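Colleague: So I've got this file, my_file_2.cif, and it contains mmCIF, C-alpha atoms and all ligand atoms:
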```cif
data_entry
loop_
_atom_site.group_PDB
_atom_site.id
_atom_site.type_symbol
_atom_site.label_atom_id
_atom_site.label_comp_id
_atom_site.auth_asym_id
_atom_site.auth_seq_id
_atom_site.Cartn_x
_atom_site.Cartn_y
_atom_site.Cartn_z
ATOM 1 C CA MET A 123 0.000 0.000 0.000
ATOM 2 C CA LYS A 124 2.866 2.315 0.820
ATOM 3 C CA LYS A 125 4.289 1.919 -2.629
ATOM 4 C CA TYR A 126 0.913 2.632 -4.169
ATOM 5 C CA LYS A 127 0.667 5.936 -2.332
ATOM 6 C CA VAL A 128 4.218 6.919 -3.152
ATOM 7 C CA ILE A 129 3.454 6.667 -6.817
ATOM 8 C CA LEU A 130 0.302 8.686 -6.458
ATOM 9 C CA ALA A 131 2.318 11.401 -4.743
ATOM 10 C CA LEU A 132 5.125 11.294 -7.255
ATOM 11 C CA LEU A 133 3.115 11.542 -10.388
ATOM 12 C CA CYS A 134 1.446 14.885 -10.318
ATOM 13 C CA ILE A 135 -0.226 14.197 -13.592
ATOM 14 C CA THR A 136 -2.047 11.345 -11.953
ATOM 15 C CA ALA A 137 -3.332 13.713 -9.326
ATOM 16 C CA MET A 138 -4.605 15.925 -12.116
ATOM 17 C CA LEU A 139 -6.310 13.099 -13.842
ATOM 18 C CA PHE A 140 -7.986 11.669 -10.790
ATOM 19 C CA GLY A 141 -8.420 14.951 -8.953
ATOM 20 C CA SER A 142 -11.037 17.629 -9.133
ATOM 21 C CA ILE A 143 -10.036 19.114 -12.464
ATOM 22 C CA LEU A 144 -12.947 19.770 -14.786
ATOM 23 C CA ALA A 145 -13.051 16.773 -17.011
ATOM 24 C CA THR A 146 -14.381 16.105 -20.425
ATOM 25 C CA SER A 147 -15.751 12.668 -21.049
ATOM 26 C CA ALA A 148 -14.853 11.513 -24.508
ATOM 27 C CA ALA A 149 -17.286 9.503 -26.568
ATOM 28 C CA ASP A 150 -14.739 6.778 -27.084
ATOM 29 C CA ASN A 151 -15.471 3.554 -25.321
ATOM 30 C CA VAL A 152 -12.572 1.475 -23.992
ATOM 31 C CA LYS A 153 -13.336 -2.161 -23.294
ATOM 32 C CA ILE A 154 -11.881 -3.661 -20.078
ATOM 33 C CA GLU A 155 -12.281 -7.410 -20.040
ATOM 34 C CA ILE A 156 -11.302 -10.028 -17.462
ATOM 35 C CA GLU A 157 -10.992 -13.495 -18.946
ATOM 36 C CA ASN A 158 -12.633 -16.697 -17.714
ATOM 37 C CA ILE A 159 -10.340 -19.590 -16.853
ATOM 38 C CA THR A 160 -10.648 -23.028 -15.285
ATOM 39 C CA VAL A 161 -8.139 -24.369 -12.769
ATOM 40 C CA SER A 162 -7.920 -27.246 -10.321
ATOM 41 C CA SER A 163 -8.159 -26.585 -6.594
ATOM 42 C CA GLY A 164 -4.787 -25.952 -5.006
ATOM 43 C CA ASN A 165 -3.365 -24.796 -8.316
ATOM 44 C CA LYS A 166 -1.788 -21.525 -9.303
ATOM 45 C CA PHE A 167 -3.502 -19.411 -11.920
ATOM 46 C CA SER A 168 -2.815 -16.376 -14.083
ATOM 47 C CA LEU A 169 -5.891 -14.350 -15.000
ATOM 48 C CA LYS A 170 -5.485 -11.840 -17.812
ATOM 49 C CA ILE A 171 -7.154 -8.456 -18.065
ATOM 50 C CA ASN A 172 -7.393 -7.150 -21.606
ATOM 51 C CA LEU A 173 -7.946 -3.665 -22.963
ATOM 52 C CA SER A 174 -9.330 -2.985 -26.424
ATOM 53 C CA ASP A 175 -11.005 -0.229 -28.459
ATOM 54 C CA ILE A 176 -8.490 2.307 -27.129
ATOM 55 C CA PRO A 177 -8.806 5.732 -28.811
ATOM 56 C CA THR A 178 -5.798 6.864 -30.872
ATOM 57 C CA SER A 179 -4.901 9.525 -28.281
ATOM 58 C CA GLY A 180 -4.040 6.676 -25.894
ATOM 59 C CA ILE A 181 -4.159 6.205 -22.134
ATOM 60 C CA ASN A 182 -1.687 7.722 -19.691
ATOM 61 C CA ALA A 183 -3.567 6.767 -16.566
ATOM 62 C CA ILE A 184 -5.956 3.982 -15.721
ATOM 63 C CA SER A 185 -7.097 2.792 -12.320
ATOM 64 C CA PHE A 186 -9.752 0.404 -11.184
ATOM 65 C CA SER A 187 -10.587 -1.970 -8.355
ATOM 66 C CA ILE A 188 -11.533 -5.611 -8.618
ATOM 67 C CA SER A 189 -13.386 -7.616 -6.011
ATOM 68 C CA TYR A 190 -12.760 -11.321 -5.574
ATOM 69 C CA ASP A 191 -13.408 -14.093 -3.058
ATOM 70 C CA ALA A 192 -10.504 -13.721 -0.621
ATOM 71 C CA GLU A 193 -11.618 -16.729 1.429
ATOM 72 C CA ASN A 194 -10.986 -19.111 -1.433
ATOM 73 C CA ILE A 195 -8.375 -17.293 -3.468
ATOM 74 C CA THR A 196 -4.983 -15.885 -2.517
ATOM 75 C CA ILE A 197 -3.523 -13.204 -4.765
ATOM 76 C CA ASN A 198 0.271 -13.285 -5.064
ATOM 77 C CA SER A 199 0.935 -10.440 -7.492
ATOM 78 C CA VAL A 200 -0.310 -8.347 -10.384
ATOM 79 C CA THR A 201 2.125 -8.113 -13.259
ATOM 80 C CA GLY A 202 2.126 -5.981 -16.388
ATOM 81 C CA GLY A 203 0.906 -7.372 -19.691
ATOM 82 C CA GLU A 204 2.376 -6.703 -23.124
ATOM 83 C CA ILE A 205 0.539 -3.420 -23.763
ATOM 84 C CA ALA A 206 1.538 -1.984 -20.362
ATOM 85 C CA ASN A 207 5.161 -2.020 -21.431
ATOM 86 C CA THR A 208 5.200 1.210 -23.450
ATOM 87 C CA GLY A 209 8.754 2.284 -22.587
ATOM 88 C CA ALA A 210 7.312 4.974 -20.276
ATOM 89 C CA TYR A 211 8.999 3.634 -17.142
ATOM 90 C CA GLU A 212 12.454 3.519 -18.747
ATOM 91 C CA GLU A 213 12.017 7.081 -20.021
ATOM 92 C CA GLU A 214 10.812 8.339 -16.635
ATOM 93 C CA VAL A 215 13.830 6.845 -14.908
ATOM 94 C CA LYS A 216 16.069 8.437 -17.533
ATOM 95 C CA GLN A 217 14.531 11.827 -16.739
ATOM 96 C CA HIS A 218 14.181 11.338 -12.956
ATOM 97 C CA SER A 219 16.625 8.712 -11.740
ATOM 98 C CA LYS A 220 15.296 8.839 -8.150
ATOM 99 C CA MET A 221 12.038 7.333 -9.350
ATOM 100 C CA ALA A 222 13.801 4.023 -9.753
ATOM 101 C CA ASP A 223 14.200 3.931 -5.946
ATOM 102 C CA SER A 224 10.467 4.170 -5.419
ATOM 103 C CA PHE A 225 8.928 1.891 -7.993
ATOM 104 C CA ASP A 226 9.918 -0.458 -10.762
ATOM 105 C CA SER A 227 7.238 -0.026 -13.406
ATOM 106 C CA CYS A 228 4.297 2.158 -14.368
ATOM 107 C CA LEU A 229 1.969 -0.526 -13.066
ATOM 108 C CA ASP A 230 1.231 -0.776 -9.392
ATOM 109 C CA TYR A 231 -1.335 -2.522 -7.260
ATOM 110 C CA SER A 232 -2.437 -2.937 -3.694
ATOM 111 C CA LEU A 233 -4.505 -5.599 -1.991
ATOM 112 C CA GLY A 234 -7.327 -4.431 0.267
ATOM 113 C CA LYS A 235 -8.272 -6.319 3.409
ATOM 114 C CA ASP A 236 -11.681 -7.265 2.141
ATOM 115 C CA GLY A 237 -10.921 -9.004 -1.139
ATOM 116 C CA LYS A 238 -10.103 -6.005 -3.301
ATOM 117 C CA ILE A 239 -7.320 -5.534 -5.815
ATOM 118 C CA ASN A 240 -6.571 -1.908 -6.651
ATOM 119 C CA ILE A 241 -4.704 -1.525 -9.929
ATOM 120 C CA LEU A 242 -3.065 1.614 -11.261
ATOM 121 C CA TRP A 243 -1.019 2.279 -14.371
ATOM 122 C CA SER A 244 0.169 5.809 -15.019
ATOM 123 C CA THR A 245 2.915 7.836 -16.553
ATOM 124 C CA GLY A 246 3.809 11.467 -15.946
ATOM 125 C CA LEU A 247 5.180 11.782 -19.479
ATOM 126 C CA THR A 248 3.192 13.983 -21.820
ATOM 127 C CA ASP A 249 4.464 12.564 -25.110
ATOM 128 C CA ASN A 250 1.779 10.120 -26.143
ATOM 129 C CA ILE A 251 4.259 7.721 -27.723
ATOM 130 C CA TYR A 252 4.555 6.441 -24.133
ATOM 131 C CA PHE A 253 0.805 6.010 -23.653
ATOM 132 C CA ILE A 254 -1.078 2.718 -23.870
ATOM 133 C CA LYS A 255 -2.573 2.502 -27.340
ATOM 134 C CA LYS A 256 -2.564 -1.122 -28.424
ATOM 135 C CA SER A 257 -5.230 -3.703 -27.676
ATOM 136 C CA GLY A 258 -4.066 -6.728 -25.710
ATOM 137 C CA VAL A 259 -3.126 -7.954 -22.263
ATOM 138 C CA PHE A 260 -2.931 -5.028 -19.860
ATOM 139 C CA CYS A 261 -2.149 -6.936 -16.678
ATOM 140 C CA ILE A 262 -2.167 -10.398 -15.185
ATOM 141 C CA ILE A 263 -3.479 -11.344 -11.748
ATOM 142 C CA ASN A 264 -1.390 -14.165 -10.327
ATOM 143 C CA GLY A 265 -2.889 -16.195 -7.531
ATOM 144 C CA VAL A 266 -3.623 -19.585 -6.108
ATOM 145 C CA ILE A 267 -6.850 -21.394 -5.344
ATOM 146 C CA ASN A 268 -6.921 -22.615 -1.773
ATOM 147 C CA ASP A 269 -6.811 -26.393 -1.301
ATOM 148 C CA THR A 270 -10.100 -26.464 0.555
ATOM 149 C CA SER A 271 -12.093 -24.423 -1.965
ATOM 150 C CA LYS A 272 -15.228 -25.918 -3.475
ATOM 151 C CA ALA A 273 -15.580 -26.488 -7.194
ATOM 152 C CA GLU A 274 -17.407 -23.295 -8.071
ATOM 153 C CA ASN A 275 -17.176 -20.242 -10.239
ATOM 154 C CA TYR A 276 -15.331 -17.457 -8.423
ATOM 155 C CA PRO A 277 -16.014 -14.144 -10.135
ATOM 156 C CA PHE A 278 -13.568 -11.272 -10.492
ATOM 157 C CA ILE A 279 -15.662 -8.132 -10.712
ATOM 158 C CA ILE A 280 -14.490 -4.681 -11.718
ATOM 159 C CA GLU A 281 -16.095 -2.084 -9.491
ATOM 160 C CA ASP A 282 -17.729 -0.093 -12.212
ATOM 161 C CA LYS A 283 -17.953 3.201 -10.373
ATOM 162 C CA LYS A 284 -14.260 3.220 -9.492
ATOM 163 C CA VAL A 285 -12.831 3.086 -13.002
ATOM 164 C CA ASN A 286 -10.760 6.055 -14.172
ATOM 165 C CA ILE A 287 -9.299 5.887 -17.630
ATOM 166 C CA GLY A 288 -7.990 8.622 -19.875
ATOM 167 C CA TYR A 289 -5.158 11.027 -20.509
ATOM 168 C CA VAL A 290 -4.059 14.609 -19.972
ATOM 169 C CA ASN A 291 -3.962 16.653 -23.155
ATOM 170 C CA THR A 292 -1.465 19.364 -24.093
ATOM 171 C CA ASN A 293 -3.633 21.988 -22.333
ATOM 172 C CA LYS A 294 -3.240 19.966 -19.132
ATOM 173 C CA LYS A 295 -6.867 19.052 -19.234
ATOM 174 C CA ALA A 296 -7.932 15.576 -18.174
ATOM 175 C CA ILE A 297 -9.905 13.664 -20.748
ATOM 176 C CA TYR A 298 -11.816 10.681 -19.429
ATOM 177 C CA TYR A 299 -12.870 7.909 -21.740
ATOM 178 C CA ASN A 300 -16.089 6.014 -21.471
ATOM 179 C CA TYR A 301 -15.601 2.349 -20.856
ATOM 180 C CA THR A 302 -17.314 -1.003 -20.947
ATOM 181 C CA VAL A 303 -16.535 -3.611 -18.320
ATOM 182 C CA ILE A 304 -16.694 -7.346 -18.948
ATOM 183 C CA ASN A 305 -16.132 -9.307 -15.757
ATOM 184 C CA GLY A 306 -14.491 -12.710 -15.606
ATOM 185 C CA ALA A 307 -14.026 -15.614 -13.249
ATOM 186 C CA VAL A 308 -11.805 -18.405 -12.112
ATOM 187 C CA LYS A 309 -13.701 -21.663 -12.238
ATOM 188 C CA ILE A 310 -12.447 -24.413 -9.973
ATOM 189 C CA GLN A 311 -12.709 -27.925 -11.250
ATOM 190 C CA ASN A 312 -12.470 -30.963 -9.068
ATOM 191 C CA LEU A 313 -10.294 -33.626 -10.599
ATOM 192 C CA LEU A 314 -11.718 -37.126 -10.900
ATOM 193 C CA TYR A 315 -8.762 -39.153 -12.121
ATOM 194 C CA GLY A 316 -9.706 -41.866 -14.556
ATOM 195 C CA ASP A 317 -12.987 -40.238 -15.599
ATOM 196 C CA ILE A 318 -11.735 -39.181 -18.994
ATOM 197 C CA ASP A 319 -15.164 -38.601 -20.533
ATOM 198 C CA CYS A 320 -16.344 -36.627 -17.479
ATOM 199 C CA ASP A 321 -19.514 -38.613 -16.821
ATOM 200 C CA ASP A 322 -18.618 -38.968 -13.093
ATOM 201 C CA ASN A 323 -17.765 -42.671 -13.526
ATOM 202 C CA VAL A 324 -14.129 -43.708 -13.231
ATOM 203 C CA GLY A 325 -12.582 -46.424 -15.342
ATOM 204 C CA LYS A 326 -15.374 -47.286 -17.772
ATOM 205 C CA ILE A 327 -14.620 -48.654 -21.242
ATOM 206 C CA SER A 328 -15.439 -45.216 -22.695
ATOM 207 C CA ASP A 329 -12.692 -43.708 -20.512
ATOM 208 C CA VAL A 330 -10.138 -46.251 -21.706
ATOM 209 C CA VAL A 331 -11.107 -45.716 -25.355
ATOM 210 C CA LEU A 332 -10.661 -41.951 -25.079
ATOM 211 C CA LEU A 333 -7.312 -42.274 -23.328
ATOM 212 C CA GLU A 334 -6.088 -44.832 -25.884
ATOM 213 C CA LYS A 335 -7.035 -42.509 -28.734
ATOM 214 C CA HIS A 336 -5.189 -39.624 -27.086
ATOM 215 C CA VAL A 337 -2.067 -41.727 -26.477
ATOM 216 C CA ALA A 338 -2.204 -42.910 -30.104
ATOM 217 C CA GLY A 339 -2.436 -39.303 -31.301
ATOM 218 C CA LYS A 340 -5.857 -39.775 -32.882
ATOM 219 C CA ILE A 341 -7.494 -37.155 -30.641
ATOM 220 C CA THR A 342 -6.189 -34.463 -28.330
ATOM 221 C CA LEU A 343 -7.750 -34.292 -24.889
ATOM 222 C CA SER A 344 -8.037 -30.868 -23.295
ATOM 223 C CA GLY A 345 -9.549 -29.098 -20.301
ATOM 224 C CA GLN A 346 -11.170 -31.264 -17.654
ATOM 225 C CA ASN A 347 -10.886 -34.380 -19.876
ATOM 226 C CA PHE A 348 -7.134 -33.923 -20.060
ATOM 227 C CA ALA A 349 -6.819 -33.147 -16.339
ATOM 228 C CA ASN A 350 -8.773 -36.291 -15.402
ATOM 229 C CA ALA A 351 -6.634 -38.362 -17.782
ATOM 230 C CA ASN A 352 -3.422 -37.747 -15.853
ATOM 231 C CA CYS A 353 -3.779 -41.027 -13.933
ATOM 232 C CA ASP A 354 -0.021 -41.247 -13.336
ATOM 233 C CA THR A 355 1.022 -37.887 -11.931
ATOM 234 C CA ARG A 356 4.751 -38.615 -11.921
ATOM 235 C CA ASP A 357 4.684 -37.004 -15.345
ATOM 236 C CA PRO A 358 2.256 -34.101 -15.982
ATOM 237 C CA ALA A 359 1.963 -35.201 -19.613
ATOM 238 C CA VAL A 360 -0.782 -37.637 -20.549
ATOM 239 C CA ASN A 361 0.816 -40.670 -22.147
ATOM 240 C CA VAL A 362 1.036 -44.460 -22.072
ATOM 241 C CA ALA A 363 1.942 -44.460 -18.345
ATOM 242 C CA ASP A 364 -1.465 -42.921 -17.596
ATOM 243 C CA LEU A 365 -3.188 -45.565 -19.695
ATOM 244 C CA GLN A 366 -1.314 -48.289 -17.818
ATOM 245 C CA ALA A 367 -2.287 -46.779 -14.452
ATOM 246 C CA LEU A 368 -5.951 -46.609 -15.469
ATOM 247 C CA ILE A 369 -5.979 -50.232 -16.651
ATOM 248 C CA LYS A 370 -4.227 -51.411 -13.488
ATOM 249 C CA PHE A 371 -6.819 -49.567 -11.432
ATOM 250 C CA MET A 372 -9.623 -51.270 -13.384
ATOM 251 C CA LEU A 373 -7.933 -54.663 -12.839
ATOM 252 C CA LYS A 374 -7.663 -53.821 -9.110
ATOM 253 C CA GLN A 375 -3.864 -54.000 -9.296
ATOM 254 C CA LEU A 376 -3.954 -50.380 -8.109
ATOM 255 C CA SER A 377 -6.285 -49.340 -5.302
ATOM 256 C CA TYR A 378 -6.317 -45.624 -6.024
ATOM 257 C CA LEU A 379 -5.761 -43.004 -8.691
ATOM 258 C CA PRO A 380 -3.698 -41.076 -9.472
ATOM 259 C CA TYR A 381 -0.633 -43.275 -9.233
ATOM 260 C CA ASN A 382 2.263 -41.166 -8.012
ATOM 261 C CA GLY A 383 4.973 -43.752 -7.413
HETATM 262 CA CA CA B 1 -16.117 -41.860 -17.186
HETATM 263 CA CA CA B 2 0.826 -38.487 -16.570
#
```
Rewrite the structure from the file as structure tokens, please.
Ligand SMILES: [Ca+2]
Ligand SMILES: [Ca+2]
Modeller:
Amino acid sequence: MKKYKVILALLCITAMLFGSILATSAADNVKIEIENITVSSGNKFSLKINLSDIPTSGINAISFSISYDAENITINSVTGGEIANTGAYEEEVKQHSKMADSFDSCLDYSLGKDGKINILWSTGLTDNIYFIKKSGVFCIINGVINDTSKAENYPFIIEDKKVNIGYVNTNKKAIYYNYTVINGAVKIQNLLYGDIDCDDNVGKISDVVLLEKHVAGKITLSGQNFANANCDTRDPAVNVADLQALIKFMLKQLSYLPYNG
């Protein structure tokens, strides 16, 4: 949190943008979209936030807050995506070397106590070659699903009224863009090893057939089917060892799945 405030204090242009200056709301509509992903409980995840439909004048400051289920999800970090790397940070450090002591990129975040992620990207540079202009991944939320979490959909919701996005023009006037928010979620799947066709039955002929076809390269399993097929977890790949483990389990030569040595 300290770091977050330091940046706010350092970048006066940010204060202008988010302060009380008379603002003009541009007609342009930036899309902020959180993706939907599926992970297994206890697993790490990386959830991307994308920006698109950015006006040609670009963005030199964007901030928003996201709510999430802090009881089931632990956030480790928020890292910059490809479009957040505009060269602005390197140029700022060139101009003001002390800035490098206070922060290490234009992106910063803080975690609130109550399941909130506050995200800020800003640059004090006025040359818009350093602004965000491209569509793509803006930032990535890195976290882990707690081991005890139920298999549910855990939404990540942008707090619509707390979004600020825009730039400061050459007359030092803040221009705010309109925006559209598309929320996302992390869906937790419970693994059921050996249930390759996901019908909640382990080790049926249909499961063996699917796994054989995958091992033979005739089909490519993905998603939950692939995750359930990893019957031998010594190797994360799904291959003949997993088929052998499944067959041994069906022949009662193995009492449990997954086999892990
Ligand atoms: Ca099955
Ligand atoms: Ca395997």
Colleague: What residues have any atom no more than 10 Å from ligand CA 1 (chain B) when counting all atoms listed in the file, and can you list them as a list in words?
Modeller: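 Checking all atoms listed in the file against ligand CA 1 (chain B) at 10 Å gives Leu314, Tyr315, Gly316, Asp317, Ile318, Asp319, Cys320, Asp321, Asp322, Asn323, Val324, Gly325, Lys326, Ile327, Ser328, Asp329, Val330, Leu332, Asn347 and Asn350 of chain A.
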Colleague: Neighbours of ligand CA 2 (chain B) at 9 Å or closer, counting all atoms listed in the file: which residues, as a PDB file with C-alpha atoms, in the coordinates of the input?
Modeller:
```
ATOM      1  CA  ALA A 351      -6.634 -38.362 -17.782  1.00  0.00           C
ATOM      2  CA  ASN A 352      -3.422 -37.747 -15.853  1.00  0.00           C
ATOM      3  CA  CYS A 353      -3.779 -41.027 -13.933  1.00  0.00           C
ATOM      4  CA  ASP A 354      -0.021 -41.247 -13.336  1.00  0.00           C
ATOM      5  CA  THR A 355       1.022 -37.887 -11.931  1.00  0.00           C
ATOM      6  CA  ARG A 356       4.751 -38.615 -11.921  1.00  0.00           C
ATOM      7  CA  ASP A 357       4.684 -37.004 -15.345  1.00  0.00           C
ATOM      8  CA  PRO A 358       2.256 -34.101 -15.982  1.00  0.00           C
ATOM      9  CA  ALA A 359       1.963 -35.201 -19.613  1.00  0.00           C
ATOM     10  CA  VAL A 360      -0.782 -37.637 -20.549  1.00  0.00           C
ATOM     11  CA  ASN A 361       0.816 -40.670 -22.147  1.00  0.00           C
ATOM     12  CA  VAL A 362       1.036 -44.460 -22.072  1.00  0.00           C
ATOM     13  CA  ALA A 363       1.942 -44.460 -18.345  1.00  0.00           C
ATOM     14  CA  ASP A 364      -1.465 -42.921 -17.596  1.00  0.00           C
ATOM     15  CA  LEU A 365      -3.188 -45.565 -19.695  1.00  0.00           C
ATOM     16  CA  PRO A 380      -3.698 -41.076  -9.472  1.00  0.00           C
ATOM     17  CA  TYR A 381      -0.633 -43.275  -9.233  1.00  0.00           C
TER      18      TYR A 381
END
```
Colleague: On this structure, which residues satisfy the PyMOL selection byres (((chain A and resi 167) around 7) and not hetatm), written as a PyMOL selection string?
Modeller: chain A and resi 161+165-166+168-169+264-266
Colleague: Could you dump the residues just selected with C-alpha atoms as a PDB file, in the coordinates of the input?
Modeller:
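Full text of part_16.pdb as output:
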```
ATOM      1  CA  VAL A 161      -8.139 -24.369 -12.769  1.00  0.00           C
ATOM      2  CA  ASN A 165      -3.365 -24.796  -8.316  1.00  0.00           C
ATOM      3  CA  LYS A 166      -1.788 -21.525  -9.303  1.00  0.00           C
ATOM      4  CA  SER A 168      -2.815 -16.376 -14.083  1.00  0.00           C
ATOM      5  CA  LEU A 169      -5.891 -14.350 -15.000  1.00  0.00           C
ATOM      6  CA  ASN A 264      -1.390 -14.165 -10.327  1.00  0.00           C
ATOM      7  CA  GLY A 265      -2.889 -16.195  -7.531  1.00  0.00           C
ATOM      8  CA  VAL A 266      -3.623 -19.585  -6.108  1.00  0.00           C
TER       9      VAL A 266
END
```
Colleague: Have a look at atom CA of Thr270 of chain A and atom CA of Ser189 of chain A and let me know their distance in Å, one decimal.
Modeller: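 Going from atom CA of Thr270 of chain A over to atom CA of Ser189 of chain A, I get 20.2 Å.
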Colleague: With distances taken over all atoms listed in the file, which residue among A:Leu173, A:Ile287, A:Asn312, A:Ile241 lies nearest Ser199 of chain A?
Modeller: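 Of all the options, A:Ile241 lies closest to Ser199 of chain A.
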Colleague: What's around segment 294-308 of chain A at 6 Å? Count all atoms listed in the file, leave out sequence neighbours fewer than 2 positions away in its own chain, and write the answer as a list in words.
Modeller: Leu139, Ala145, Thr146, Ser147, Ala148, Asp150, Asn151, Val152, Lys153, Ile154, Glu155, Ile156, Glu157, Asn158, Ile159, Thr160, Asn275, Tyr276, Pro277, Phe278, Ile279, Ile287, Gly288, Tyr289, Val290, Asn291 and Thr292 of chain A
Colleague: Using the chain letters and residue numbers of this document, give as a PyMOL selection string the residues selected by the PyMOL selection byres (((chain A and resi 185) around 6) and not hetatm).
Modeller: chain A and resi 184+186+241-242+285-286
Colleague: Just to confirm, what's the straight-line distance from atom CA of Ser232 of chain A to atom CA of Ala192 of chain A in Å (one decimal)?
Modeller: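 According to the coordinates, atom CA of Ser232 of chain A and atom CA of Ala192 of chain A are separated by 13.8 Å.
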Colleague: Rank nothing, just name the residue among A:Gln311, A:Ile197, A:Ile369, A:Phe260 nearest to Glu334 of chain A, using all atoms listed in the file.
Modeller: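 That would be A:Ile369, the residue with the smallest distance to Glu334 of chain A.
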Colleague: Segment 257-328 of chain A near segment 200-221 of chain A within 8 Å: what's each residue's closest atom pair and its distance in Å to one decimal, counting only C-alpha atoms, ordered by chain then ascending residue number, as a tab-separated table?
Modeller:
```
residue	atom	partner	partner_atom	distance
A:Ser257	CA	A:Ile205	CA	7.0
A:Gly258	CA	A:Ile205	CA	6.0
A:Val259	CA	A:Gly203	CA	4.8
A:Phe260	CA	A:Gly203	CA	4.5
A:Cys261	CA	A:Gly203	CA	4.3
A:Ile262	CA	A:Thr201	CA	5.2
A:Ile263	CA	A:Val200	CA	4.6
A:Asn264	CA	A:Val200	CA	5.9
```
Colleague: Those residues you just picked out, can you put them in a file as a PDB file, keeping the file's coordinate frame with C-alpha atoms?
Modeller:
```pdb
ATOM      1  CA  SER A 257      -5.230  -3.703 -27.676  1.00  0.00           C
ATOM      2  CA  GLY A 258      -4.066  -6.728 -25.710  1.00  0.00           C
ATOM      3  CA  VAL A 259      -3.126  -7.954 -22.263  1.00  0.00           C
ATOM      4  CA  PHE A 260      -2.931  -5.028 -19.860  1.00  0.00           C
ATOM      5  CA  CYS A 261      -2.149  -6.936 -16.678  1.00  0.00           C
ATOM      6  CA  ILE A 262      -2.167 -10.398 -15.185  1.00  0.00           C
ATOM      7  CA  ILE A 263      -3.479 -11.344 -11.748  1.00  0.00           C
ATOM      8  CA  ASN A 264      -1.390 -14.165 -10.327  1.00  0.00           C
TER       9      ASN A 264
END
```
Colleague: Quick check, in Å to one decimal: how far apart do atom CA of Ser271 of chain A and atom CA of Asn194 of chain A lie?
Modeller: 5.5 Å
Colleague: Report the residues retrieved by the PyMOL selection byres (((chain A and resi 238) around 8) and not hetatm) from the displayed file, expressed as a count of residues only.
Modeller: 11
Colleague: For Tyr252 of chain A, which residue among A:Asn268, A:Ser227, A:Asn182, A:Thr196 is the nearest when counting only C-alpha atoms?
Modeller: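 Residue with the minimum atom-to-atom distance to Tyr252 of chain A: A:Asn182.
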